[in-house]
>>> print(open('my_file33.cif').read())   # mmCIF, C-alpha atoms
data_target
loop_
_atom_site.group_PDB
_atom_site.id
_atom_site.type_symbol
_atom_site.label_atom_id
_atom_site.label_comp_id
_atom_site.auth_asym_id
_atom_site.auth_seq_id
_atom_site.Cartn_x
_atom_site.Cartn_y
_atom_site.Cartn_z
ATOM 1 C CA MET K 1179 148.168 102.925 102.839
ATOM 2 C CA ALA K 1180 149.322 104.318 99.532
ATOM 3 C CA TYR K 1181 152.720 103.294 98.255
ATOM 4 C CA ALA K 1182 154.353 104.823 95.204
ATOM 5 C CA ASN K 1183 155.721 101.512 94.026
ATOM 6 C CA LYS K 1184 154.719 97.910 94.490
ATOM 7 C CA ASP K 1185 158.071 96.799 95.909
ATOM 8 C CA ASP K 1186 157.780 99.095 98.924
ATOM 9 C CA TYR K 1187 154.313 97.816 99.602
ATOM 10 C CA LYS K 1188 155.505 94.220 99.326
ATOM 11 C CA LYS K 1189 158.304 94.897 101.832
ATOM 12 C CA TRP K 1190 155.904 96.557 104.232
ATOM 13 C CA TYR K 1191 153.408 93.701 103.833
ATOM 14 C CA MET K 1192 156.018 90.994 104.436
ATOM 15 C CA ALA K 1193 157.179 92.850 107.568
ATOM 16 C CA ASN K 1194 153.619 93.113 108.898
ATOM 17 C CA ARG K 1195 152.088 89.961 107.415
ATOM 18 C CA GLU K 1196 151.480 88.059 110.675
ATOM 19 C CA ARG K 1197 150.016 91.108 112.373
ATOM 20 C CA LEU K 1198 147.639 91.785 109.475
ATOM 21 C CA ILE K 1199 146.468 88.172 109.314
ATOM 22 C CA ALA K 1200 145.836 88.137 113.075
ATOM 23 C CA LYS K 1201 143.966 91.428 112.816
ATOM 24 C CA ALA K 1202 141.754 90.158 109.983
ATOM 25 C CA ARG K 1203 141.130 86.910 111.872
ATOM 26 C CA ALA K 1204 140.137 88.806 115.011
ATOM 27 C CA ALA K 1205 137.770 91.012 112.988
ATOM 28 C CA ASP K 1206 136.172 87.896 111.454
ATOM 29 C CA LEU K 1207 135.704 86.299 114.873
ATOM 30 C CA ALA K 1208 134.179 89.505 116.217
ATOM 31 C CA ASN K 1209 131.680 89.703 113.319
ATOM 32 C CA PRO K 1210 130.907 86.135 112.219
ATOM 33 C CA ASP K 1211 127.821 87.078 110.173
ATOM 34 C CA LEU K 1212 129.679 89.713 108.229
ATOM 35 C CA ALA K 1213 132.600 87.326 107.671
ATOM 36 C CA ALA K 1214 130.262 84.591 106.418
ATOM 37 C CA GLN K 1215 128.571 87.036 104.061
ATOM 38 C CA ARG K 1216 131.938 88.164 102.743
ATOM 39 C CA LYS K 1217 132.996 84.537 102.210
ATOM 40 C CA ARG K 1218 129.794 83.792 100.292
ATOM 41 C CA GLU K 1219 130.324 86.826 98.079
ATOM 42 C CA TYR K 1220 133.933 85.820 97.450
ATOM 43 C CA ALA K 1221 132.858 82.288 96.535
ATOM 44 C CA GLU K 1222 130.301 83.702 94.082
ATOM 45 C CA ARG K 1223 132.877 86.018 92.545
ATOM 46 C CA HIS K 1224 135.677 83.437 92.329
ATOM 47 C CA PRO K 1225 134.273 79.883 92.262
ATOM 48 C CA ASP K 1226 137.445 78.576 90.595
ATOM 49 C CA ARG K 1227 139.708 79.926 93.320
ATOM 50 C CA VAL K 1228 137.513 78.370 96.002
ATOM 51 C CA LYS K 1229 137.608 75.033 94.176
ATOM 52 C CA ASP K 1230 141.388 75.216 93.844
ATOM 53 C CA ALA K 1231 141.799 76.015 97.527
ATOM 54 C CA GLY K 1232 139.629 73.020 98.390
ATOM 55 C CA ARG K 1233 141.672 70.777 96.125
ATOM 56 C CA ARG K 1234 144.939 72.026 97.631
ATOM 57 C CA TYR K 1235 143.618 71.394 101.136
ATOM 58 C CA SER K 1236 142.339 67.919 100.268
ATOM 59 C CA ARG K 1237 145.852 66.918 99.142
ATOM 60 C CA LYS K 1238 147.465 67.915 102.450
ATOM 61 C CA PRO K 1239 148.540 64.998 104.689
ATOM 62 C CA GLU K 1240 146.468 66.200 107.642
ATOM 63 C CA ALA K 1241 143.336 66.384 105.472
ATOM 64 C CA LEU K 1242 144.022 62.909 104.055
ATOM 65 C CA ALA K 1243 144.552 61.503 107.550
ATOM 66 C CA LYS K 1244 141.285 63.056 108.716
ATOM 67 C CA GLN K 1245 139.483 61.589 105.710
ATOM 68 C CA ARG K 1246 140.956 58.121 106.344
ATOM 69 C CA ALA K 1247 139.996 58.259 110.029
ATOM 70 C CA LEU K 1248 136.452 59.252 109.127
ATOM 71 C CA LYS K 1249 136.139 56.494 106.541
ATOM 72 C CA ALA K 1250 137.363 53.877 109.011
ATOM 73 C CA LYS K 1251 134.518 54.599 111.441
ATOM 74 C CA PRO K 1252 131.797 51.914 111.118
ATOM 75 C CA GLU K 1253 128.969 54.373 111.736
ATOM 76 C CA GLN K 1254 130.298 56.614 108.981
ATOM 77 C CA ARG K 1255 130.519 53.673 106.594
ATOM 78 C CA GLU K 1256 126.951 52.744 107.454
ATOM 79 C CA LYS K 1257 125.839 56.330 106.868
ATOM 80 C CA ALA K 1258 127.601 56.431 103.497
ATOM 81 C CA LYS K 1259 125.987 53.118 102.524
ATOM 82 C CA LEU K 1260 122.527 54.435 103.393
ATOM 83 C CA LEU K 1261 123.185 57.569 101.376
ATOM 84 C CA ARG K 1262 124.344 55.506 98.367
ATOM 85 C CA GLU K 1263 121.198 53.382 98.611
ATOM 86 C CA HIS K 1264 119.079 56.519 98.795
ATOM 87 C CA TYR K 1265 120.725 57.882 95.651
ATOM 88 C CA ARG K 1266 120.180 54.550 93.899
ATOM 89 C CA ASP K 1267 116.520 54.254 94.922
ATOM 90 C CA THR K 1268 115.602 57.836 94.070
ATOM 91 C CA LEU K 1269 117.665 57.819 90.837
ATOM 92 C CA HIS K 1270 119.545 60.887 91.971
ATOM 93 C CA ASP K 1271 121.575 62.902 89.476
ATOM 94 C CA CYS K 1272 124.897 61.674 90.883
ATOM 95 C CA PHE K 1273 123.832 58.009 90.584
ATOM 96 C CA VAL K 1274 122.600 58.390 86.989
ATOM 97 C CA ARG K 1275 125.717 60.319 85.995
ATOM 98 C CA ARG K 1276 127.913 57.601 87.507
ATOM 99 C CA CYS K 1277 125.966 54.916 85.616
ATOM 100 C CA LEU K 1278 126.335 56.835 82.366
ATOM 101 C CA ALA K 1279 130.040 57.481 82.817
ATOM 102 C CA GLN K 1280 131.122 54.095 84.134
ATOM 103 C CA HIS K 1281 132.527 52.842 80.821
ATOM 104 C CA LEU K 1282 133.551 56.243 79.479
ATOM 105 C CA LYS K 1283 136.792 58.147 79.816
ATOM 106 C CA ILE K 1284 135.008 61.297 80.956
ATOM 107 C CA LYS K 1285 133.565 62.266 84.315
ATOM 108 C CA GLY K 1286 129.873 62.066 85.072
ATOM 109 C CA SER K 1287 129.831 65.805 85.631
ATOM 110 C CA GLU K 1288 130.725 66.344 81.971
ATOM 111 C CA ILE K 1289 127.532 64.685 80.731
ATOM 112 C CA PRO K 1290 124.730 67.098 79.712
ATOM 113 C CA GLN K 1291 121.727 67.330 81.990
ATOM 114 C CA THR K 1292 119.242 66.467 79.201
ATOM 115 C CA LEU K 1293 120.992 63.141 78.661
ATOM 116 C CA VAL K 1294 120.999 62.459 82.410
ATOM 117 C CA ASP K 1295 117.252 63.152 82.604
ATOM 118 C CA ALA K 1296 116.552 60.835 79.653
ATOM 119 C CA HIS K 1297 118.678 58.075 81.166
ATOM 120 C CA ARG K 1298 116.833 58.465 84.472
ATOM 121 C CA GLU K 1299 113.513 57.857 82.702
ATOM 122 C CA LEU K 1300 115.029 54.842 80.968
ATOM 123 C CA LEU K 1301 116.219 53.384 84.276
ATOM 124 C CA ARG K 1302 112.774 53.974 85.790
ATOM 125 C CA LEU K 1303 111.124 52.213 82.848
ATOM 126 C CA LYS K 1304 113.569 49.298 82.995
ATOM 127 C CA ARG K 1305 112.878 48.858 86.701
ATOM 128 C CA ALA K 1306 109.136 48.826 86.049
ATOM 129 C CA ILE K 1307 109.577 46.253 83.256
ATOM 130 C CA ASN K 1308 111.606 44.014 85.550
ATOM 131 C CA GLU K 1309 108.921 44.292 88.206
ATOM 132 C CA LYS K 1310 106.195 43.274 85.737
ATOM 133 C CA LEU K 1311 108.121 40.387 84.199
ATOM 134 C CA MET B 1138 111.922 61.851 68.367
ATOM 135 C CA LYS B 1139 113.876 64.901 67.388
ATOM 136 C CA ASN B 1140 115.726 65.466 70.630
ATOM 137 C CA CYS B 1141 116.574 64.099 74.033
ATOM 138 C CA ASP B 1142 113.635 65.834 75.701
ATOM 139 C CA GLU B 1143 111.172 64.142 73.377
ATOM 140 C CA LEU B 1144 112.771 60.782 74.094
ATOM 141 C CA ARG B 1145 112.404 61.450 77.789
ATOM 142 C CA THR B 1146 108.715 62.373 77.383
ATOM 143 C CA GLU B 1147 108.139 59.224 75.350
ATOM 144 C CA LEU B 1148 109.826 57.099 78.022
ATOM 145 C CA ALA B 1149 107.733 58.712 80.754
ATOM 146 C CA LEU B 1150 104.580 58.058 78.721
ATOM 147 C CA THR B 1151 105.539 54.421 78.218
ATOM 148 C CA PHE B 1152 106.207 54.094 81.930
ATOM 149 C CA GLU B 1153 102.702 55.419 82.701
ATOM 150 C CA LYS B 1154 101.118 53.084 80.140
ATOM 151 C CA LEU B 1155 103.026 50.118 81.555
ATOM 152 C CA LYS B 1156 101.926 50.963 85.078
ATOM 153 C CA ALA B 1157 98.319 51.276 83.891
ATOM 154 C CA GLY B 1158 98.551 47.949 82.065
ATOM 155 C CA GLU B 1159 97.836 49.540 78.682
ATOM 156 C CA ILE B 1160 100.903 47.960 77.100
ATOM 157 C CA LYS B 1161 102.717 44.701 77.659
ATOM 158 C CA PRO B 1162 106.152 44.586 79.311
ATOM 159 C CA GLY B 1163 107.569 43.167 76.066
ATOM 160 C CA GLU B 1164 106.501 46.229 74.096
ATOM 161 C CA ALA B 1165 107.922 48.548 76.745
ATOM 162 C CA ALA B 1166 111.143 46.539 76.708
ATOM 163 C CA GLU B 1167 111.462 47.106 72.961
ATOM 164 C CA LEU B 1168 111.207 50.870 73.419
ATOM 165 C CA ALA B 1169 113.589 50.748 76.377
ATOM 166 C CA ASN B 1170 116.092 48.837 74.252
ATOM 167 C CA LEU B 1171 115.865 51.376 71.435
ATOM 168 C CA ALA B 1172 116.093 54.305 73.867
ATOM 169 C CA GLY B 1173 119.163 52.710 75.412
ATOM 170 C CA LYS B 1174 120.810 52.576 71.996
ATOM 171 C CA MET B 1175 120.013 56.247 71.337
ATOM 172 C CA ILE B 1176 121.324 57.336 74.717
ATOM 173 C CA GLY B 1177 124.417 55.190 74.273
ATOM 174 C CA SER B 1178 125.118 56.778 70.913
ATOM 175 C CA ALA B 1179 124.695 60.317 72.328
ATOM 176 C CA LYS B 1180 126.932 59.367 75.228
ATOM 177 C CA VAL B 1181 129.692 58.262 72.894
ATOM 178 C CA GLN B 1182 129.338 61.503 70.929
ATOM 179 C CA VAL B 1183 129.676 63.554 74.127
ATOM 180 C CA GLU B 1184 132.741 61.547 75.131
ATOM 181 C CA TYR B 1185 134.304 61.988 71.700
ATOM 182 C CA TYR B 1186 133.975 65.773 71.791
ATOM 183 C CA ALA B 1187 135.065 65.966 75.434
ATOM 184 C CA LEU B 1188 138.227 63.984 74.696
ATOM 185 C CA ARG B 1189 138.969 66.193 71.692
ATOM 186 C CA LYS B 1190 138.402 69.191 73.967
ATOM 187 C CA GLU B 1191 135.766 70.494 71.583
ATOM 188 C CA GLN B 1192 132.470 71.992 72.644
ATOM 189 C CA PRO B 1193 130.146 71.900 69.642
ATOM 190 C CA ARG B 1194 126.389 72.309 69.877
ATOM 191 C CA ILE B 1195 124.844 68.857 69.751
ATOM 192 C CA GLU B 1196 121.377 69.517 68.397
ATOM 193 C CA TRP B 1197 119.894 66.273 69.673
ATOM 194 C CA LEU B 1198 120.876 67.049 73.246
ATOM 195 C CA GLU B 1199 119.493 70.566 73.263
ATOM 196 C CA SER B 1200 116.207 71.219 74.949
ATOM 197 C CA PRO B 1201 113.768 73.376 72.937
ATOM 198 C CA ASN B 1202 112.577 74.957 76.213
ATOM 199 C CA VAL B 1203 115.977 76.255 77.259
ATOM 200 C CA GLU B 1204 115.436 79.694 75.765
ATOM 201 C CA LEU B 1205 111.863 79.867 77.073
ATOM 202 C CA ARG B 1206 113.028 79.108 80.604
ATOM 203 C CA GLY B 1207 115.615 81.833 80.317
ATOM 204 C CA GLY B 1208 118.622 79.545 80.620
ATOM 205 C CA PRO B 1209 121.573 79.645 78.228
ATOM 206 C CA ALA B 1210 121.552 77.387 75.198
ATOM 207 C CA VAL B 1211 123.490 74.223 75.944
ATOM 208 C CA SER B 1212 126.532 74.344 73.746
ATOM 209 C CA SER B 1213 128.944 72.440 75.952
ATOM 210 C CA PRO B 1214 128.803 69.112 77.787
ATOM 211 C CA GLU B 1215 128.592 71.002 81.070
ATOM 212 C CA ARG B 1216 125.370 71.110 83.057
ATOM 213 C CA PRO B 1217 123.398 74.299 82.376
ATOM 214 C CA ALA B 1218 123.075 76.637 85.356
#
>>> encode(input="my_file33.cif", output="structure tokens")
Amino acid sequence: MAYANKDDYKKWYMANRERLIAKARAADLANPDLAAQRKREYAERHPDRVKDAGRRYSRKPEALAKQRALKAKPEQREKAKLLREHYRDTLHDCFVRRCLAQHLKIKGSEIPQTLVDAHRELLRLKRAINEKL
Amino acid sequence: MKNCDELRTELALTFEKLKAGEIKPGEAAELANLAGKMIGSAKVQVEYYALRKEQPRIEWLESPNVELRGGPAVSSPERPA
């Protein structure tokens, strides 16, 4: 649909917005594989936009309520505990980064990978020393 | 030890020697203490530049194999892809 100027297109879009969204949604539901592929490609092209959308969603009250409800479940807490212990025992990247960043004013994700790898070896050595002593 | 990778290799070697009983835990503890100081100092440097919103190349943190593996040279505190 070619429009000579942007304003006309905007008017047309606002008048047909709901219909177009429903149409796109129906097409996605009819072809889930294609839709998933398109989503993956979009995420690869615009990782920042996807991150922003996630952040916006996580701040919504319904998302927060869902998160709180999930956290309150004992089985979920147990699962999270097991996962934390797994990260600790295997010296996972996220655990080492958290250790490194715990007294810093930056996030663990801002620490270079080489430093994380070196700290992992140090933790492994310290654990072995404590075992021997 | 010229860079972080060499420190890591040295730590791994010490770990192996300790496991094999070739060195005493006290000796390994000395190296671990020194390595901790070096890592702590690098950590502070990374934090300093991150807080100043600067992204200089920190030679000590750069891996000599980065170019060989085809990855980009690490010039920022971000994790290389």
>>> interface_residues(input="my_file33.cif", of="chain B", to="chain K", cutoff="8 Å", atoms="all atoms listed in the file", output="ChimeraX atom specification")
/B:1141-1142,1144-1145,1148-1149,1151-1152,1155-1156,1162,1165-1166,1169,1172-1173,1176,1179-1181,1183-1184,1187-1188,1198-1200,1213-1217
>>> atom_distance(input="my_file33.cif", atom1="CA of Glu1263 in chain K", atom2="CA of Arg1276 in chain K")
13.6 Å
>>> atom_distance(input="my_file33.cif", atom1="CA of Lys1201 in chain K", atom2="CA of Ala1213 in chain K")
13.1 Å
>>> atom_distance(input="my_file33.cif", atom1="CA of Phe1273 in chain K", atom2="CA of Asp1226 in chain K")
24.7 Å
>>> axis_aligned_box(input="my_file33.cif", around="range 1190-1202 of chain B", padding_each_side="3 Å", output="AutoDock Vina command-line options")
--center_x 125.5 --center_y 70.6 --center_z 72.3 --size_x 31.8 --size_y 14.7 --size_z 13.8
